[in-house]
Each structure stands twice: as C-alpha cells, then as structure tokens.
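Asker: Take a look at the following structure, please.
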Amino acid sequence: MKKLKKAISLLLCSISVLLPACALGGGGEQEETGGYVTIENFESYTTVSRIHCDNKIGDGRITKDYKSEGNSSFQITVTPPQATAGTLASTFFYVPTYGNVGRYTDFSMIDEISLDVYGVSGTDVTVGIAAAVKNKTATTGPVQKYEVKSGEWTTISCPVNRTVTSTMMNVKKITDVMISVAGRDAVVCVDNLQLHQATAEYVPATVTLDKGEFCDFEKAYQSFMVSAQETNGYTPTLKIVTDPEKATSGARSLSIYSPEVEVGGYFYMAFDAQLFTASKFDEYSSETSYLLFDVYKPFEANWKFTLRMLNASNAYNNMAVRVPAGIGWHTICVPLANKVTKTNKIQFAWQAMSSFPNKKGGYELFVDNMRLERSLPEIDGSVYVVAKL
Amino acid sequence: MKKMKIPIALLCSLTTLLSTVSCVVAPGNNSSSSSSSGKTGVAELWTKEAHVKILQDKDYEDSYRNPLKVDISACKNEYEATQILLTAVGGDVNEYDIEVSDLKTADGKTFSKENISVYNQKYMEVSSLPHSGGLGLGWYPDALLPLDVAVEHGENRVEEGQNQGIYIEAYVPKDAEAGVYTGNFKLIVDGTQHNVPATVTVYDYMVSEYNHFGSIFSTHMERANVGEMSSSSELSKKYDETLMEFRLVSGFGGVGLSGWIAEIRKYCDPEQTPCTSAAGTIPIKAVQKGKGIDEVDLRNKLVALTAACLVDGENYLSITDTRCGWIDEPHLNGTWDLVNSTSKSFNNARDTFAADLESGDAKEEVKVAVESVVGVEMSEEEFSALYEENKVKLAESARDVRNMITSQLDDRFDYRYVDAFVGGRGIGSTAKVRSSYDDLEADTWWYSCSGGANKFALESFEARLLEPRLVTWASFDYNYKGEIFWETVLYLKLGNHPITGAHSVSYAIDCYKEAVRCADDPGDGFFLYPGKPYGIDGPVTCLRLHAIRDGREEYEMLYDLEQKYMEKGYSPRPILNVLFEDLYCDMALTASADEVFPQMRKTLIELCMLADKGVYITDYEEFNTQAKLKVRTEGETKLTKLNGEAKEAAAAYDVVCALTGAKNSLSFELADGTKFEMSLGNKRTVVKSITSVEESGISVAKRAELSNNTVDGVSGVKVDLLPPASVEDFGDSAVLIPLEAGTFTKNTTGIYLRVYNPNDQKMFAEITLKGSGGAALLGDQLIKPGWNTLRFGQLAKANWKNVKNLSGIQVAFSVTEGQSVTDFDGVTLTQFIVEE
C-alpha cells in the first residue's frame, strides 16, 4: 500500500487541485469517472485545525509517529471523563469537505469514502464513517462501522449509498465526513481520507405515503428514514425487521436495540425531514390531531423516553412519554396541537442507567404503524396518551 | 491505493496548479497578500514601543522608527514589553532568531533572562472596516507565538517589503531590586549577528498582587475545544489560568460546591495561586428557576463563600458578582419582565442571606459548610468567635454582591431591584451620560461586544493598541468598576454556513487566518488562539490581551495611589486629570496619545513612588494661564528644590506654575535626591476675556438671558437659562461666543472655558464649533459647583469639514434630566483659553 502511495504521491497532489474543477467539485464538466481525491492527508494544521470534535470527549492531533501517507497522520484518542476511564466510549470528528485546497461538497457522484486507520491502543476499536451536513446540529448519513486491528494499517472502504443519503440530506451540499471512534481507551491514527468517484448516476428514492401514514416501515425507502445518533459512548442499533409477530401493520417494523451500558448513557434516534413533507405533517395542528404509533416492549417495567419535535430553526417541544408497564404492544398518542411550526424532525431520547436493571439496556424494542389522525380513534389494548404541552 | 483511474488528460496543467498548492501554508505561517520574492534581501532593524501596532504591510518612515535596542521600564510584579521590527528590503529574510541574556546592574545584581519572553508576532488581514476610525485596512499583528516555536515551525522569515515584529516582554519578579539592568541580546538574521543593547529599568514600586478592577471574560470551552480538537478539565484549567495570568477571570472550575470553593481559595490567594496576581472577581454561576434565580442554589453558594471567608480570613464576598445569562441584553431581547423578576428574586435571596448572616440565623448553615464544603474542622467555640467577629462585615459584603445586567439605563427597569449595570461603550461617550450613571447607587461596568475602533475597543484589530490598555485609565476616571467580555475563545465562525447557507450557525475555521468571526468586527470573540497546531498544551496569547494586562496593572497603580492619598484625606484625581486629558477625551484617544503615553505612564509610576515616600500633589487647578497646586510632604521627606528654586523644609508647598511657556512642567527634588518632573502641557493663551456682554460680543443662541456679573472679584457674563415655552421648544439654552478665524484648529491641543456655577448641583456645558460652513459638535463637560476650568481636548474629532472657517463656539447649558432650569441660578463665563 505504501509503495503504491509513494509512486502516485505527486499525482495525488495534482488530483487534489484538479478535481474540484471537474468530476468531484461539481463546478465543471465531468470528463473522467472512477477517479478519487484525497481531501485530507493530515499533514498540516492548515486544514486539520478545521476538523471539529463534536462530543467533547476526544482529542485529535497530528502525529509523526504513525503515517500511511506522507509524513504524518491524525491521532484520535477517546478521552472520557476520568471517572469513567476504561469503559466503552466513543468520540466523533467532522472533517470538512471544503477548505483551503478545494471544495468537495457534491456527493452526488461519490460512491465511496476510504480511510487508512491504524489501531494504536492495543484494544478493540470500532471506526465509523459517514457523510454529514453540519449546521447548528449535525445530520449524519448512514454510519458504516468497521473493526480496526491494532498495530497495523487498514484501509477502510466505506460505500456511500447516495439514494439513502439523498433522502436524509442535500447530497450536493455535504459539508463533512464524520469519523467516529469507539472502544475502551481507544486510540487510532487515521490518514489519507479519500472520496471516490462513482461511475453511474444514482436513483433518488421517491417518498410516498399512504393516507394518514407517517411511517409504517413497509416501503423500501423507509428503512433509512430513521437514524441513530452518535453520543458519548452508546448508539442504538436500528434495523427494519420482517416478522409479522413484531409488527402491528403489515409485516415489517423498526427494531431498536438498546445495548447494555457500563455507565449511564443517552440514546438518540430521529425520523427524517422528508416524512414530514410527504405526510403534510404541518396540517395536523388542530386540538384533536395526534401522532400515533405502536411500541413493543419486551420487559415488564415501564419505559420512559423524551419525544422532541424540532424545526429547522431548532425550536422544539419536549414531551415526556411513558410506555406503560407490561410486556407487549402499547399505543402511544402524541397531541400535535401545540407543536412547533414547520416541524421537520422527531427525535426519541432515552437514558440508560447501569445501576437500574430495568434501564440498563440490552433489550430490543419494536416500533410500528406511525400514523396521523385528525381525531383520537378508539384503540384496543394498552394506550398512553401523552399529556398536552 | 485503488481505483487508480486518474484523469490523465488534466495533468497538463499540473505545474501551474502545483504552484498554487505550494502557497498553502501552515496556520503558523505569517502569510500575507504578497508572496516570496525568491531572493535574499537585507533586514532593516528597528524598534518601537509595545503599545503601538506595526502592520505587516505598511511603510513606516525613518522618523517613526527607533534605533535597535531593547529598553523596558517596569515596576515589580509587572509585565512590560517592547518590540523589535525587521523590514525585509531587496528580497526576503530567510531566517532570524534572537538570544537573550541575563542583564546586570552596575553593582552586579542580575535580572535573569528567565524573566524575559520573546514572541513572534503573527498577522491576519483586515480587509473591510465595520467602524470608522482605527488604523485602516491591512495585515495586523495579533497572535504572539513563542519565538522558539516559530523557529521550530519555520515561521521565522520575512517576505520582501514586509515588517515582522518580535515582541520582547519582561516580567519583573516581586523580589527584584530596583535599578537599571543592562546587557546585550543577539539578533541573528540570515547568519549575521546583530548586537542589541538591552536595558530593563526596575522601579522601586510593586504592582498589587490583588486585582481591584473586576472582570468576567466568558470562556466557553465548548468553543475552545473546536480549535483545540480536544476537551479535558486540564485544558480548561490551562485556559482559566492563562486568563488569570492576565488579571482576568472567566470563572472557577472544580467539581461540586467543594471543588468550586477549593478553586476560589487557591486562585484568590496570592500565596497559593500559580499566577502572578490573585483573581479579582468571583463570578457566581447563576441557575435559573422559573422567572427568577434559583434562590436555594444562590444561598448555598453564598453560605459556602462565607464559610471560606471565615476559614481563610479573606473577604471573598467582597469580590463576588453574578451574571444571569437568561436576562442578557434585555434591550435587544425584550426580556424586561424577566430582568425585573430575576433581579427581585436575586435581591431577595441575597438580602435574606445577608440579614440571616448578621442576625445569626445563618450560623448553623455556615458552620456545616465550614466542615462539609471547605473541609475544615473547627471547634464550636472557635467557629462562634470567628462568626461573631466577622458577621457584620461579611453581611455588608454579601449585600454588595451584584447581579450584573448587560444593558444601559432604561425606563423599563424596576430600579428598586437593579443594582449593577454593564453598559456598552456608549455609557462613557459624553459627560452627561457618565454623570447619569454616577447618580445611581448601582455599580457600573463596561460591556464589550462588537465595539469598534475609537471607543476603547478591547477587541477590534483596527483599533489602536492603547485602547484596550487605556480603558482601565478611563474606567478609573469615570468610576467604572470592571469589564465583562462576552467571549474569549471563539474558535469558530458565526454566520451563514459557506456550503449550506444555513443562517446563524457556527463552523470550524483556521483560527490563525480568520480575523472576522462574528458581527463583521475583526477580533471580536477571541483573545486567545489554540495552541494545538503548534504542539502547545494550552492557548496562545495575543497583543490585545497583553495590552489589556498592561492596562490592568496600571489600574492597580491608580487604585493604590488613590488609597494612599485618601488615607491622608487627599485626592489624586485633580493631578491625574492632567495625565488623562493628554491621553483621551470622552471615549476617544487623543491624536498624540501614542507619543505621550510613555511619559504619562512614567509620571503615574513616579506619583506612586512619591506617595510611598509621603509626598502628595493635591489641589491642582488652572486659572489665568497658571497652574496652582500643593505639594505636601510628611515625616523627614522634604523638598530641596521646586521648579528650579531651593526650598526650605516645610509640610506643604503652595506652587504656582506659569503655563505660558511652549512646554510647561512641574519639577521638584527631594532631600534623598529623588527628582520628579511632570508635563503640564503646552502654552496657554487667553484668547478672549469675557468681562462683559458688550466687550465679548457674546450673544444668545437659544433661550437665555445675558447680564454682566462679578464673582470673587472677577468680571464675567452671567447666563441665565430659561425654561422651554412649550413641549415643541426642545433643545438646551445656549450662547454664542464669537472668535476670530484661526483662533484654534483641529490640531490645537485643547480649549478651555472658565465658568462659575453658583448652584450646589452640577450642570453641563456642550460645545459646538461654528464656522462659515456650518456647525460641528465637539463634546460636553460637567460643570461642578463653584469655579471650573472646562477642558475640551481632541479637537480633531469634530467634523471640521462642516465648520470651514471658524467664527465662534456655541455653548449649550443643561441640567440633569428631570430637573428644571428654573431651579438653577445662571452660570458666569469669564475666560476662553487655548492650549497650543
């Protein structure tokens, strides 16, 4: 790998300059396909100093001790608070796609991100990569995760699903590549962050909904309408499962695996903006309008989470939701009369506490049949109506 | 590594493009608009005082440059600096370095080189000016990178035609001996060694280890963490300690109440703090509850501070304040109800605690806090004795804990509860506005945020470097007690996202290249730079921050001087006004401030040293082109010479100094050989004696009656102010004093009006210049009861284009808002004087 890199180092340099004007930059006519560009080789603080650690428990610095390309690499250390040192924790850095050398923000013709990674800490480390748009808060595309071996360089090739990404954010205005690092006392070095040019156009997803539907998880595109958010150590695992026993409408539902925590932690997941447009969410604003969904809970105790509705200006409402005690399906009814105007995001946040068995995590929940009603219907079974704001 | 399909067709332009790449430099590089010439030139070496900014891309005439030398004068426990400049001529300077050495006095005492720091100045471009005034567009010095680090990163080079500053700063240890320390430094430029004569003069005076000018310089570490790409409590502490080394406080860390108290005890004690002075402000982090402050939380913190006071014998409460973020800038946010409810809630919690402290109702709480928060075991008897001895004093201090509100006076405040204002620079803009704050019982602090040049702007790149320094002089002058700054570590840019266009977002930047980070004000939001890009654990400081510290050190001199005078029943303010007037007027530096500042500073230090010897200069006033004053001495300290004449020993000397020479001064010598000389300004000339209405030609400009009058045997013209005839009859009563064209110009040092105010209340005089082209406002002054010599300096700030040929001055008289002119007897004008 290194030999090859040396041979093309000069060419890489030229590509860095040339590509913004052609295929990757979106500014000029595309003449070639299949090329790539190194958007960050971590050689100088000129560009590196614009990298942004977003969760306050990471340290990033240029190091000459390890390098895959050039003279240095970027060492990322997960630095949890002293009281929780040694536990599983994660940090994430955002590497801008625009800057001093070029602007590589148009991902409509990017189908892969690659990164060289070296495990320094001698422990298991998971590295995640995703395209992201970072405004006041970050919107992150699907995060691809990779186990990194200690003591050697590994090249991670992370496919970019443009169809998925384009439903979650403006694929022509990708501001950052997110790199997450998770592990115990995790330390990795990263180098040679590249974007690879696609050879074909992508097909955008068409977001359509049935009448009154918000998200039933039956349609193909709905598998990427909900995403988990990286936090200080824990990320829920989300997937669409096909199992009529775990669905209240159709055969598919959303599985949420909340992993077991070692120290207290917060989990976040969010539904994306396009569902709000397609469902005409703003029109459900009368005193009798509700968002309803079904939750399957596998344990007896109740389960609490915060439901936050936000708009693009980051105005929001918080609602405390309590899924009633009892194993099985429960219907949650959320009043919409006082929601913020132009709501375009719904976020679920819940806390896991290691000292409370019922809240320690290690359980799988299911959510299904998210729908909008102009009046509260008759519902069989366990129902929880969220208090009005 | 894979997908090696390189667009070969495009490589033809590689050479050109690679040259573009090569211009991309590390953030540490002093990049500017010009590029390397590729040939080696020579360096013109010169020096300049550290209180001026030398721009990278500006030509400076030889007459502006000082010969190559290091000459620093400082007090004990003070930092002072100078700067060496390299101007590359005929090509680039490829490398430079400097070696400092120990300095020695004639009798062999050493000033260690360990106390001398050398920094490389880094430059950033100001390409648009949001404010009028200032030094204009160009490449400004700001970040100060240790020179050895700059050398390590190859930043010790100068491109052809550019200036490069090396900032040399000495810290004089508290135990240093006064004297003149000399030696030589070596400046090596492209292999050639230059000898730099170096002198550090140590005054026999120590700058206080305490800080009496308040500060809350917000440091939001989540913003610093972006530039540092890191976050840890250690890093946070480094930032806090760096600010404290500059006599500023952001806040105190520590985990929980005990941790917070431990930090306060450490940093507010000169013996324990790792900094050269103790922290001067304890900001309580306020917690909101409903529409007020969390009163329980506030009480717990006051109880804990009181416990620490008793244990340490330090009155921490006397330097404690709070700022409730949720009522920030109500004039912008419209949160008047919340301000008033929060203020009421704050006052209630504070005053209840103070009352309980005094009555003894809080005794048990404090006792518990001594053990559980401060961590000291104390017997009941010992505690009770301490408590009873200190409770009244501490209760008084607790009542003085202020809730700082960032706003100017406004009718929407409920003044029963609001007791501390943190106004923008506008609060000092006129004598009348300043006076309105003086009339309040509330404390007044400065508040800076997007200040702009010519307003004592702390932050603005384009402002003269004396502005962040002299803001403390003006604060002492105007009785402002401290300064709040909204952010010191904006390592982000606030605004619209360059890619997504999203409004009001922040995004990461190269902190060494982006001077404008918010509000189009270069420099706003940061006084520190991330150290990480240079391998420094902690922040990199800047010129503006060093200037702020210099000013705060001088505030301590002013404060100390006043304390020493007050102990004897005197006031230093009349003589200090002589210094102030040469440096600034209202909110603007004088044109000559840069030039005269070193002498003014020297005079201030000498006044302090004289007070230490028991010599005081009091009762200064000017009248009939003479200065009258008293020199008072005590004990064995006596004058031997006064203005060149031998003097017999006396306790007080009445001195009259003529002000009719080209340059005027006061000088005397003490028996121990101490010599003192201070400038009293340029030649004064009475250009118009206002002895009668007829002779002076004075006339009514608006709503006044004139009559001839005599006060204390002096003839003059009395101006009686008439009330408005109707609500539409706005504007102040005014008179016009005719003058010949050319009586004074914009380059004149100052003009004076001799006025007698027979009332026991203050009034105001505002001067407008009149001419063939129209009128231009000059400024206003307070007229105290009795005789006044009103000085109007900074004549250049008036809009002379409007005036054209001067024909006179209009003097408008007013009284405090809410008062009626009918309650005032008329003022009498007697002389108009010009200082050349």
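Please note that chains go A, B, ... in the order of the structure tokens, that every chain numbers its residues from 1, and that ligands are numbered from 1 in the order shown.
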Just the residues within 7 Å of His330 (chain A), please, counting only C-alpha atoms, with nothing from its chain fewer than 4 positions along; format it as a list of chain:residue names.

Answerer: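 Listed by chain and then number, they are A:Asp294, A:Val295, A:Tyr296, A:Val323, A:Gly381, A:Ser382, A:Val383.
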
Asker: Can you pull out every residue within 6 Å of region 549-560 of chain B, counting only C-alpha atoms, but drop anything in the same chain fewer than 4 positions away, and send it as JSON, numbers by chain?

Answerer: {"B": [246, 469, 470, 472]}

Asker: Give me the residues within 6 Å of region 280-288 of chain B as a list in words, counting only C-alpha atoms and dropping any in the same chain fewer than 3 places off.

Answerer: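 Selected residues are Asn211, Gly214, Gly251, Gly292, Ile293, Asp294, Ile319, Thr320, Asp321, Thr322 and Cys324 of chain B.
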
Asker: Any idea what's packed within 10 Å of Asp148 (chain B), counting only C-alpha atoms, ignoring anything in its chain fewer than 2 positions away? Could you give it as a PyMOL selection string?

Answerer: chain B and resi 97-98+118-120+145-146+150-156

Asker: Can I get the selection written as a short mmCIF file (atom, residue, chain, number, x, y, z; two decimals), in the first residue's frame, with all heavy atoms?

Answerer:
```
data_model
loop_
_atom_site.label_atom_id
_atom_site.label_comp_id
_atom_site.auth_asym_id
_atom_site.auth_seq_id
_atom_site.Cartn_x
_atom_site.Cartn_y
_atom_site.Cartn_z
N ASP B 97 16.54 34.85 14.46
CA ASP B 97 16.37 34.32 15.82
C ASP B 97 16.98 35.34 16.77
O ASP B 97 17.69 36.26 16.35
CB ASP B 97 17.07 32.96 15.95
CG ASP B 97 16.50 32.13 17.10
OD1 ASP B 97 15.69 32.68 17.89
OD2 ASP B 97 16.86 30.95 17.23
N ILE B 98 16.68 35.19 18.03
CA ILE B 98 17.24 36.12 19.00
C ILE B 98 17.68 35.35 20.23
O ILE B 98 17.03 34.37 20.62
CB ILE B 98 16.20 37.23 19.35
CG1 ILE B 98 16.87 38.37 20.13
CG2 ILE B 98 15.02 36.68 20.12
CD1 ILE B 98 16.04 39.64 20.11
N VAL B 118 10.15 35.99 24.60
CA VAL B 118 10.25 36.52 23.23
C VAL B 118 9.18 35.85 22.37
O VAL B 118 9.06 34.62 22.35
CB VAL B 118 11.65 36.26 22.64
CG1 VAL B 118 11.76 36.90 21.26
CG2 VAL B 118 12.74 36.79 23.56
N TYR B 119 8.40 36.66 21.70
CA TYR B 119 7.30 36.14 20.88
C TYR B 119 7.42 36.63 19.45
O TYR B 119 7.85 37.77 19.20
CB TYR B 119 5.95 36.64 21.41
CG TYR B 119 5.64 36.26 22.84
CD1 TYR B 119 5.95 37.13 23.88
CD2 TYR B 119 4.99 35.06 23.14
CE1 TYR B 119 5.65 36.81 25.19
CE2 TYR B 119 4.68 34.73 24.46
CZ TYR B 119 5.02 35.61 25.48
OH TYR B 119 4.71 35.30 26.77
N ASN B 120 7.01 35.79 18.54
CA ASN B 120 6.91 36.19 17.15
C ASN B 120 5.49 36.68 16.89
O ASN B 120 4.52 36.01 17.25
CB ASN B 120 7.19 34.97 16.25
CG ASN B 120 7.77 35.36 14.92
OD1 ASN B 120 8.64 36.23 14.86
ND2 ASN B 120 7.32 34.72 13.85
N LEU B 145 3.29 34.15 19.20
CA LEU B 145 3.79 32.78 19.26
C LEU B 145 5.19 32.82 19.84
O LEU B 145 6.02 33.60 19.38
CB LEU B 145 3.81 32.20 17.85
CG LEU B 145 4.09 30.71 17.71
CD1 LEU B 145 2.95 29.89 18.31
CD2 LEU B 145 4.27 30.35 16.24
N PRO B 146 5.48 32.00 20.86
CA PRO B 146 6.86 31.97 21.37
C PRO B 146 7.84 31.80 20.20
O PRO B 146 7.62 30.96 19.32
CB PRO B 146 6.85 30.75 22.30
CG PRO B 146 5.44 30.67 22.79
CD PRO B 146 4.60 31.08 21.60
N ALA B 150 8.08 29.39 16.80
CA ALA B 150 8.04 29.90 15.43
C ALA B 150 9.23 29.40 14.63
O ALA B 150 9.10 29.03 13.46
CB ALA B 150 8.01 31.43 15.45
N VAL B 151 10.39 29.38 15.27
CA VAL B 151 11.59 28.88 14.59
C VAL B 151 11.42 27.40 14.25
O VAL B 151 11.70 26.96 13.13
CB VAL B 151 12.84 29.10 15.48
CG1 VAL B 151 14.05 28.37 14.92
CG2 VAL B 151 13.13 30.59 15.63
N GLU B 152 10.89 26.67 15.22
CA GLU B 152 10.67 25.23 15.01
C GLU B 152 9.75 24.98 13.82
O GLU B 152 9.89 24.00 13.09
CB GLU B 152 10.06 24.66 16.30
CG GLU B 152 9.90 23.17 16.36
CD GLU B 152 9.17 22.77 17.63
OE1 GLU B 152 9.35 23.45 18.67
OE2 GLU B 152 8.39 21.82 17.57
N HIS B 153 8.78 25.87 13.63
CA HIS B 153 7.82 25.69 12.54
C HIS B 153 8.19 26.49 11.28
O HIS B 153 7.37 26.63 10.38
CB HIS B 153 6.42 26.10 13.00
CG HIS B 153 5.79 25.09 13.91
ND1 HIS B 153 6.16 24.93 15.21
CD2 HIS B 153 4.82 24.16 13.68
CE1 HIS B 153 5.45 23.96 15.76
NE2 HIS B 153 4.63 23.48 14.85
N GLY B 154 9.41 27.00 11.26
CA GLY B 154 9.87 27.69 10.05
C GLY B 154 9.16 29.00 9.78
O GLY B 154 9.08 29.46 8.63
N GLU B 155 8.66 29.61 10.80
CA GLU B 155 7.93 30.86 10.61
C GLU B 155 8.81 32.09 10.83
O GLU B 155 8.29 33.21 10.86
CB GLU B 155 6.72 30.91 11.54
CG GLU B 155 5.70 29.86 11.21
CD GLU B 155 4.39 30.05 11.93
OE1 GLU B 155 4.18 31.13 12.51
OE2 GLU B 155 3.58 29.12 11.94
N ASN B 156 10.08 31.87 11.03
CA ASN B 156 10.99 32.99 11.29
C ASN B 156 11.55 33.51 9.98
O ASN B 156 12.75 33.45 9.74
CB ASN B 156 12.11 32.55 12.24
CG ASN B 156 12.85 31.32 11.75
OD1 ASN B 156 12.29 30.50 11.02
ND2 ASN B 156 14.10 31.19 12.14
#
```

Asker: Quick one: residues within 8 Å of Val321 (chain A), only C-alpha atoms, excluding same-chain residues fewer than 3 positions away - as a PyMOL selection string?

Answerer: chain A and resi 304-307+386

Asker: Residues of chain A within 6 Å of chain B, counting only C-alpha atoms - could you list those as a PyMOL selection string?

Answerer: chain A and resi 14+32+34-35+45-46+49-50+52-53+56-60+135-136

Asker: Region 750-758 of chain B: which residues within 6 Å, counting only C-alpha atoms, same-chain residues fewer than 4 positions away excluded, as a PDB file with C-alpha atoms, in the first residue's frame?

Answerer:
```pdb
ATOM      1  CA  PRO B 785     -20.484  73.732  41.818  1.00  0.00           C
ATOM      2  CA  GLY B 786     -18.034  76.642  42.115  1.00  0.00           C
ATOM      3  CA  TRP B 787     -15.222  77.569  39.731  1.00  0.00           C
ATOM      4  CA  ASN B 788     -14.460  75.290  36.779  1.00  0.00           C
ATOM      5  CA  THR B 789     -11.893  75.311  34.039  1.00  0.00           C
ATOM      6  CA  LEU B 790     -13.590  73.147  31.462  1.00  0.00           C
ATOM      7  CA  ARG B 791     -11.206  71.493  29.062  1.00  0.00           C
ATOM      8  CA  PHE B 792     -12.212  70.268  25.644  1.00  0.00           C
ATOM      9  CA  GLY B 793      -9.476  68.210  24.004  1.00  0.00           C
ATOM     10  CA  VAL B 827     -23.545  80.369  35.340  1.00  0.00           C
ATOM     11  CA  THR B 828     -20.914  83.044  34.764  1.00  0.00           C
ATOM     12  CA  LEU B 829     -18.359  82.820  31.947  1.00  0.00           C
ATOM     13  CA  THR B 830     -15.059  84.652  32.380  1.00  0.00           C
ATOM     14  CA  GLN B 831     -12.364  83.369  30.031  1.00  0.00           C
ATOM     15  CA  PHE B 832     -11.764  81.392  26.888  1.00  0.00           C
ATOM     16  CA  ILE B 833      -8.276  79.873  26.714  1.00  0.00           C
ATOM     17  CA  VAL B 834      -6.426  77.947  24.035  1.00  0.00           C
ATOM     18  CA  GLU B 835      -3.615  75.430  24.608  1.00  0.00           C
TER      19      GLU B 835
END
```

Asker: Give me, as a ChimeraX atom specification, all polymer residues having an atom no more than 8 Å from Trp139 (chain B), counting only C-alpha atoms and skipping those fewer than 5 positions away in the same chain.

Answerer: /B:32,55-57,123-126

Asker: Let's see if you can do this: from backbone DSSP, list all helix (DSSP H, G or I) residues in region 469-540 of chain B, as a PyMOL selection string.

Answerer: chain B and resi 469-478+532-534

Asker: So which bits of region 159-381 of chain A end up strand (DSSP E or B) when you DSSP the backbone, as a ChimeraX atom specification?

Answerer: /A:159,176-184,187-197,213-215,226-228,237-242,252-258,265-271,290-297,303-311,316-323,328-335,343-352,363-373

Asker: In Å, rounded to a single decimal, give me how far CA of Gly731 (chain B) is from CA of Gly423 (chain B).

Answerer: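 CA of Gly731 (chain B) lies 25.8 Å from CA of Gly423 (chain B).
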